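Only one structure is covered here, and it is reproduced in the block below.
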Amino acid sequence: MKQEIAVEVEKLLAQMTIEEKVAQTAQIAYTQIPKEKAEEYARKGVGSFLHVLGEDAKRLQDIAVSNGKKIPVLFGIDAIHGHCLNKHATIFPTQLSMACSFNRELIKEMASATAKEVSADGLHWTFSPVLCLGRDIRWGRVAETFGEDKYVAGELGSAMIRGYQGEDLSVDGKILACAKHYIGYGEATGARDSYDTEITYRKLRSEFLPPFEKAVEKGCATIMTAYGSIDGTPCTADKKLLQDILKTELGFNGFVVTDWDNITWLMEKQHVAEDYEAATTIALNAGNDMMMRTEAYIETAVRLMKEGKIDESILDNAVRRILTVKMKLGLFENPYKCLDKSFIGAEEHQRLNYELAKECVVLLKNEDILPLQKTEKKQKILVIGCNANAVRDMYGDWTYFSHPDPNFDAEPIRPYVTFIEGMNKVKDVLNCEIVYSKGCGILENDEEQLKQSFAEAEDCDLIIYTFGDNIYQTGEGKDRADVSLTKAQAEVFDKLSKMGKPIISVMIASKPMCVPQIVEQSKAFLTGFNLGAYGGLALAETIVGINNPCGKLPISFPYHVGQQPCYYNYLSGWHCDSYVDTPQKPLFTFGEGLSYTKFCYSSLAFNKDTFTLSVKAKNVGDKAGKEVVQVYFRDVVSSVMTPIKQLIAFEKIYLQPNEEKECIFVFTGKDFSLVLSNERRVMEQGEFEIMVGSSSKDEELIKIEFKQEQTLKIK
Ligand code: GLC
């Protein structure tokens, strides 16, 4: 098929005018222009629209395939944790929440379900997965990442790409994936969204490129450039990044789309171009193939081409990539590829959503209080806190509340289960009465409401305190310098903690918060970040033991925002290994998460000739449970500094009480490699340690050493 497509593409390309070729490299933002203008662009043969749904998309496609060269339009959308910009679609946990499951298969299924729902809306492309690393929780978009680890981002991002694209893109219900934001977007100094990222190319290749390498290996159809810059060169302007590394070295054969209006951004924000001519020239020469949102690009590029100021082969290469992807998608045969509308919000997707949410719940502290047991005497349980009944804030960003036309007060659409609704569904497991009080807002308190809440609290046997953040505090351009409890919430918790009642704290937030006081004074602490439509039920079922929690943290929880960044795979060498006023270690670290059962590890063995690792995991508790077997390594002495440990494998297993399973992992030299100052990747000779266990905490790992006799060149 590849040869046929190549021939077809060349034939079509040869017939296209400069105007038609430039139009193909333009993506128009539907919500930013009048409908008539959109139809005019469709007649002109633009390559793509974003943020248009359903019937509006069909109308534009009708126009595109009946005008000019009749090239079908690609419709893109930010379906990044379900097709959430459609009110009736399935709203899954956010990426950071999904990552807590460490479950490749469930995430692949989630993406496959999302692809069907996007297709049912007549759309072909999602701007997902996000492969940025979330290493500083002050950044507004941490919730969109798979957390702080490059191996997790690569593995779960690949699972998503497989789910969206399947083995054959031309099959109905399969859509284009888009690995983004290329590259290092989350590493901006001060965690300031889109600010400069002062990393070297060595660091970029070592820490931030691996997830994108895996995405390219998996055949990801598109890649989106990042808003930001690497050491002063905007990603959109960086030929070494886009052409030399991504397209030439990694062999990426899809197409690169800029982020929102990044051509204008080069002028107005980053000041590396004085006008649209300069910005357009920079963007095309650097290797961007499709320009998102910048209408001025179209007539500017046509003029520059006709004046011979940009080599037409650059434009041809961009159009060639775009047409090739459209043909692989089968758009020329079937421009609509529209599944039946019944897939949107389908029952089987909701069941999957519920299963996934349960695996995303992370239990971080449990002083023998959970799961709650049925009591002889009827108990009164107070659920208090604003997020206990807040659908929008339980969902997090990139849903119909926040995009593409924000309506934060929109009426939530069933099905969904908030936390208090979940507790009322499960209360018969206990002998109890559930009382709910909103307690306080995120940012302000209602004194009357508070008085009533505290009275309820005085009269109850157990307090379940829910806290977190809201949609105004998370997302693009919403970086936070302070990620501790807001004053309003701290005031409420402080008062509750003085009542001498047992407190179970539940965090419903988009990312970690610095809450040592809550962890210290609660008997139990659990979260799962934005757990999606069934998050409230998953949390409630965990509290009463219907669900045995198996989630693990994909991101570290700092004590204090001043510790940021405090990721687990740090380099040694900090002079005093601690601040004067704050512990060095985070509140909770990567890979942590408790179960209602216990797993033990033994028989760790490594064959250094075949690079094969074996280990036995046993459920030594009295409940069946799921475990994430985590494999880390350390390069004991290396010619560039390397982290004290790095994750190189994980496997999710399910064991009955007393059941034991042998897990086998086969590695290559690349898994143990590092990037030298000359940007070459090698596995150096010398001592290595391999550690296996339930989290990245030293006390939870068993270890084995091996000696690598000679250095291996990786590439
Ligand atoms: C935004 C985001 C990007 C998104 C795009 C289209 O600004 O940075 O992640 O896919 O625009 O909505």
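Residues in the structure tokens are numbered from 1 in each chain, the chains being A, B, ... in the order shown, and ligands are numbered from 1 in the order shown.
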
If we count only C-alpha atoms, what is near A:Met290 at a cut-off of 7 Å, once residues fewer than 4 positions away on the same chain are taken out, given as a ChimeraX atom specification? /A:25-27,256-258

If you keep all heavy atoms, can you produce a file of those selected residues as a compact mmCIF listing (two decimals), in the first residue's frame?
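So the final result, stored in part.txt, reads:
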# COMPACT_ATOMS: atom_id res chain seq x y z
N THR A 25 -1.37 23.31 3.86
CA THR A 25 -0.50 23.37 5.06
C THR A 25 -1.09 24.30 6.12
O THR A 25 -0.40 24.67 7.07
CB THR A 25 0.90 23.88 4.67
OG1 THR A 25 0.78 25.21 4.16
CG2 THR A 25 1.56 22.99 3.64
N ALA A 26 -2.35 24.67 5.94
CA ALA A 26 -2.99 25.57 6.91
C ALA A 26 -4.06 24.82 7.69
O ALA A 26 -4.84 24.06 7.12
CB ALA A 26 -3.61 26.75 6.19
N GLN A 27 -4.11 25.05 9.02
CA GLN A 27 -5.17 24.51 9.86
C GLN A 27 -5.93 25.70 10.45
O GLN A 27 -5.33 26.55 11.12
CB GLN A 27 -4.62 23.64 10.98
CG GLN A 27 -5.74 23.08 11.89
CD GLN A 27 -5.21 22.25 13.02
OE1 GLN A 27 -4.40 22.72 13.83
NE2 GLN A 27 -5.64 20.99 13.08
N VAL A 256 4.34 17.41 11.00
CA VAL A 256 4.48 18.27 12.18
C VAL A 256 3.49 19.42 12.08
O VAL A 256 3.40 20.08 11.06
CB VAL A 256 5.91 18.85 12.27
CG1 VAL A 256 6.02 19.89 13.40
CG2 VAL A 256 6.93 17.73 12.49
N VAL A 257 2.71 19.60 13.15
CA VAL A 257 1.77 20.73 13.20
C VAL A 257 2.25 21.68 14.30
O VAL A 257 2.73 21.22 15.35
CB VAL A 257 0.33 20.24 13.48
CG1 VAL A 257 0.20 19.52 14.82
CG2 VAL A 257 -0.66 21.41 13.42
N THR A 258 2.18 22.98 14.05
CA THR A 258 2.59 23.91 15.12
C THR A 258 1.52 23.94 16.19
O THR A 258 0.39 23.49 15.97
CB THR A 258 2.69 25.36 14.58
OG1 THR A 258 1.36 25.85 14.31
CG2 THR A 258 3.55 25.45 13.33

Distance filter 6 Å around ligand 1, atoms: only C-alpha atoms and all ligand atoms, out as JSON, numbers by chain: {"A": [78, 127, 259, 260]}

Go ahead and write the residues just picked, C-alpha atoms, as a JSON list (two decimals), in the first residue's frame.
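Wrote it out as selection_36.json, contents follow:
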[["chain", "number", "residue", "atom", "x", "y", "z"],
["A", 78, "ASP", "CA", -8.38, 17.96, 21.80],
["A", 127, "PHE", "CA", -4.08, 16.25, 19.73],
["A", 259, "ASP", "CA", 0.84, 24.73, 18.33],
["A", 260, "TRP", "CA", -1.83, 27.43, 18.42]]

Secondary structure check, alpha helix (DSSP H) residues of stretch 459-688 of chain A, as a list of chain:residue names: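 Of stretch 459-688 of chain A, the ones in alpha helix (DSSP H) are A:Lys487, A:Ala488, A:Gln489, A:Ala490, A:Glu491, A:Val492, A:Phe493, A:Asp494, A:Lys495, A:Leu496, A:Pro516, A:Gln517, A:Ile518, A:Val519, A:Glu520, A:Gln521, A:Gly535, A:Gly536, A:Leu537, A:Ala538, A:Leu539, A:Ala540, A:Glu541, A:Thr542, A:Ile543.
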
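You will find atom CA of A:Val272 at 23.7 Å from atom CA of A:Phe255.
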
Determine which residues of stretch 403-487 of chain A receive a DSSP assignment of strand (DSSP E or B), computed from the backbone, and state them as a ChimeraX atom specification. /A:432-437,462-468,484

Can you spit out the residues from that selection as a tab-separated table (two decimals), in the first residue's frame, using C-alpha atoms?
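Once written, result-v5.tsv looks like this:
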chain	number	residue	atom	x	y	z
A	432	CYS	CA	-24.04	4.40	58.84
A	433	GLU	CA	-25.72	7.66	58.06
A	434	ILE	CA	-23.91	9.91	55.57
A	435	VAL	CA	-24.20	13.68	56.09
A	436	TYR	CA	-22.78	16.08	53.51
A	437	SER	CA	-21.70	19.63	54.03
A	462	LEU	CA	-15.97	10.07	61.44
A	463	ILE	CA	-15.03	12.91	59.09
A	464	ILE	CA	-14.23	12.44	55.42
A	465	TYR	CA	-12.62	15.70	54.33
A	466	THR	CA	-12.41	16.39	50.58
A	467	PHE	CA	-10.17	19.15	49.27
A	468	GLY	CA	-8.33	20.08	46.07
A	484	SER	CA	-0.52	24.46	49.19

Report the closest atom pair, with its distance in Å rounded to one decimal, for each residue of stretch 69-161 of chain A that has an atom no farther than 8 Å from stretch 533-552 of chain A; count only C-alpha atoms, sort by chain and then rising residue number, and write it as CSV.
residue,atom,partner,partner_atom,distance
A:Thr90,CA,A:Ala533,CA,7.6
A:Ile91,CA,A:Ala533,CA,5.7
A:Phe92,CA,A:Ala533,CA,6.5
A:Pro93,CA,A:Ala533,CA,7.6
A:Cys100,CA,A:Lys552,CA,4.9
A:Ser101,CA,A:Gly551,CA,5.1
A:Phe102,CA,A:Lys552,CA,7.3

Give me a file of those residues, with N, CA and C atoms, as an mmCIF file, in the first residue's frame.
data_model
loop_
_atom_site.group_PDB
_atom_site.id
_atom_site.type_symbol
_atom_site.label_atom_id
_atom_site.label_comp_id
_atom_site.auth_asym_id
_atom_site.auth_seq_id
_atom_site.Cartn_x
_atom_site.Cartn_y
_atom_site.Cartn_z
ATOM 1 N N THR A 90 -17.783 10.205 26.623
ATOM 2 C CA THR A 90 -17.261 9.600 27.846
ATOM 3 C C THR A 90 -16.074 10.409 28.356
ATOM 4 N N ILE A 91 -16.142 10.838 29.606
ATOM 5 C CA ILE A 91 -15.069 11.655 30.185
ATOM 6 C C ILE A 91 -14.232 10.778 31.103
ATOM 7 N N PHE A 92 -13.065 10.385 30.584
ATOM 8 C CA PHE A 92 -12.160 9.490 31.300
ATOM 9 C C PHE A 92 -11.295 10.282 32.285
ATOM 10 N N PRO A 93 -10.546 9.584 33.155
ATOM 11 C CA PRO A 93 -9.566 10.277 34.009
ATOM 12 C C PRO A 93 -8.573 11.052 33.130
ATOM 13 N N CYS A 100 -1.670 6.854 36.991
ATOM 14 C CA CYS A 100 -1.646 6.182 38.309
ATOM 15 C C CYS A 100 -1.998 4.701 38.163
ATOM 16 N N SER A 101 -2.680 4.340 37.066
ATOM 17 C CA SER A 101 -3.050 2.924 36.891
ATOM 18 C C SER A 101 -1.852 2.085 36.455
ATOM 19 N N PHE A 102 -0.857 2.715 35.844
ATOM 20 C CA PHE A 102 0.274 1.979 35.259
ATOM 21 C C PHE A 102 -0.239 0.801 34.444
#

For A:Val130, list every protein, DNA or RNA residue within 8 Å, evaluated using only C-alpha atoms, and leave out those in the same chain fewer than 6 positions away; present the list as a ChimeraX atom specification. /A:144-146,157,179-181

Polymer residues at most 8 Å from stretch 342-353 of chain A, only C-alpha atoms, same-chain spacing of 3 or more positions, as a PyMOL selection string: chain A and resi 88-93+106+109-110+113+116-118+120+339+356-357+532-534

Output file for the selection above: N, CA, C and O atoms, as an mmCIF file, in the first residue's frame:
data_model
loop_
_atom_site.group_PDB
_atom_site.id
_atom_site.type_symbol
_atom_site.label_atom_id
_atom_site.label_comp_id
_atom_site.auth_asym_id
_atom_site.auth_seq_id
_atom_site.Cartn_x
_atom_site.Cartn_y
_atom_site.Cartn_z
ATOM 1 N N HIS A 88 -21.797 14.858 25.495
ATOM 2 C CA HIS A 88 -22.388 13.524 25.681
ATOM 3 C C HIS A 88 -21.364 12.402 25.572
ATOM 4 O O HIS A 88 -21.720 11.240 25.622
ATOM 5 N N ALA A 89 -20.112 12.791 25.475
ATOM 6 C CA ALA A 89 -19.058 11.787 25.290
ATOM 7 C C ALA A 89 -18.580 11.275 26.643
ATOM 8 O O ALA A 89 -18.919 11.821 27.686
ATOM 9 N N THR A 90 -17.783 10.205 26.623
ATOM 10 C CA THR A 90 -17.261 9.600 27.846
ATOM 11 C C THR A 90 -16.074 10.409 28.356
ATOM 12 O O THR A 90 -15.121 10.631 27.599
ATOM 13 N N ILE A 91 -16.142 10.838 29.606
ATOM 14 C CA ILE A 91 -15.069 11.655 30.185
ATOM 15 C C ILE A 91 -14.232 10.778 31.103
ATOM 16 O O ILE A 91 -14.625 10.458 32.214
ATOM 17 N N PHE A 92 -13.065 10.385 30.584
ATOM 18 C CA PHE A 92 -12.160 9.490 31.300
ATOM 19 C C PHE A 92 -11.295 10.282 32.285
ATOM 20 O O PHE A 92 -11.270 11.515 32.231
ATOM 21 N N PRO A 93 -10.546 9.584 33.155
ATOM 22 C CA PRO A 93 -9.566 10.277 34.009
ATOM 23 C C PRO A 93 -8.573 11.052 33.130
ATOM 24 O O PRO A 93 -8.301 10.650 32.000
ATOM 25 N N LEU A 106 -5.447 -0.984 29.696
ATOM 26 C CA LEU A 106 -6.652 -0.162 29.947
ATOM 27 C C LEU A 106 -6.534 1.179 29.240
ATOM 28 O O LEU A 106 -7.511 1.707 28.710
ATOM 29 N N GLU A 109 -7.232 0.727 25.630
ATOM 30 C CA GLU A 109 -8.679 0.575 25.425
ATOM 31 C C GLU A 109 -9.384 1.928 25.551
ATOM 32 O O GLU A 109 -10.313 2.233 24.799
ATOM 33 N N MET A 110 -8.918 2.745 26.494
ATOM 34 C CA MET A 110 -9.534 4.079 26.673
ATOM 35 C C MET A 110 -9.356 4.889 25.384
ATOM 36 O O MET A 110 -10.262 5.546 24.890
ATOM 37 N N ALA A 113 -11.619 3.587 22.626
ATOM 38 C CA ALA A 113 -13.007 4.046 22.839
ATOM 39 C C ALA A 113 -13.137 5.514 22.448
ATOM 40 O O ALA A 113 -14.085 5.921 21.775
ATOM 41 N N LYS A 116 -13.335 5.984 18.717
ATOM 42 C CA LYS A 116 -14.660 5.689 18.174
ATOM 43 C C LYS A 116 -15.602 6.882 18.379
ATOM 44 O O LYS A 116 -16.358 7.259 17.489
ATOM 45 N N GLU A 117 -15.510 7.509 19.567
ATOM 46 C CA GLU A 117 -16.429 8.617 19.863
ATOM 47 C C GLU A 117 -16.077 9.846 19.027
ATOM 48 O O GLU A 117 -16.955 10.555 18.537
ATOM 49 N N VAL A 118 -14.774 10.059 18.811
ATOM 50 C CA VAL A 118 -14.340 11.180 17.953
ATOM 51 C C VAL A 118 -14.787 10.925 16.515
ATOM 52 O O VAL A 118 -15.337 11.794 15.836
ATOM 53 N N ALA A 120 -17.277 9.146 15.567
ATOM 54 C CA ALA A 120 -18.746 9.249 15.477
ATOM 55 C C ALA A 120 -19.176 10.712 15.321
ATOM 56 O O ALA A 120 -20.295 11.004 14.903
ATOM 57 N N LEU A 339 -18.434 7.028 12.310
ATOM 58 C CA LEU A 339 -19.111 5.906 12.967
ATOM 59 C C LEU A 339 -20.504 6.347 13.410
ATOM 60 O O LEU A 339 -20.793 7.537 13.474
ATOM 61 N N LEU A 356 -11.269 1.781 34.777
ATOM 62 C CA LEU A 356 -10.020 2.550 34.751
ATOM 63 C C LEU A 356 -9.922 3.449 35.983
ATOM 64 O O LEU A 356 -8.885 3.504 36.645
ATOM 65 N N ALA A 357 -11.038 4.111 36.319
ATOM 66 C CA ALA A 357 -11.012 5.020 37.486
ATOM 67 C C ALA A 357 -10.619 4.244 38.741
ATOM 68 O O ALA A 357 -9.813 4.718 39.551
ATOM 69 N N GLY A 532 -12.275 11.483 36.421
ATOM 70 C CA GLY A 532 -13.288 11.289 35.381
ATOM 71 C C GLY A 532 -14.676 11.035 35.954
ATOM 72 O O GLY A 532 -14.918 11.173 37.156
ATOM 73 N N ALA A 533 -15.599 10.637 35.072
ATOM 74 C CA ALA A 533 -17.024 10.603 35.424
ATOM 75 C C ALA A 533 -17.333 9.642 36.563
ATOM 76 O O ALA A 533 -18.307 9.824 37.280
ATOM 77 N N TYR A 534 -16.527 8.594 36.743
ATOM 78 C CA TYR A 534 -16.807 7.622 37.807
ATOM 79 C C TYR A 534 -15.818 7.759 38.957
ATOM 80 O O TYR A 534 -15.680 6.873 39.808
#

For atom CA of A:Ser313 and atom CA of A:Met16, the interatomic separation in Å (one decimal):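 Atom CA of A:Ser313 sits 13.2 Å away from atom CA of A:Met16.
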
All residues 6 Å or closer to stretch 135-142 of chain A, only C-alpha atoms, same chain fewer than 4 positions away omitted, as a list in words: Glu148, Ala191, Thr474, Gly475, Glu476, Lys478, Asp479, Arg480, Ala481, Gln564 and Pro565 of chain A
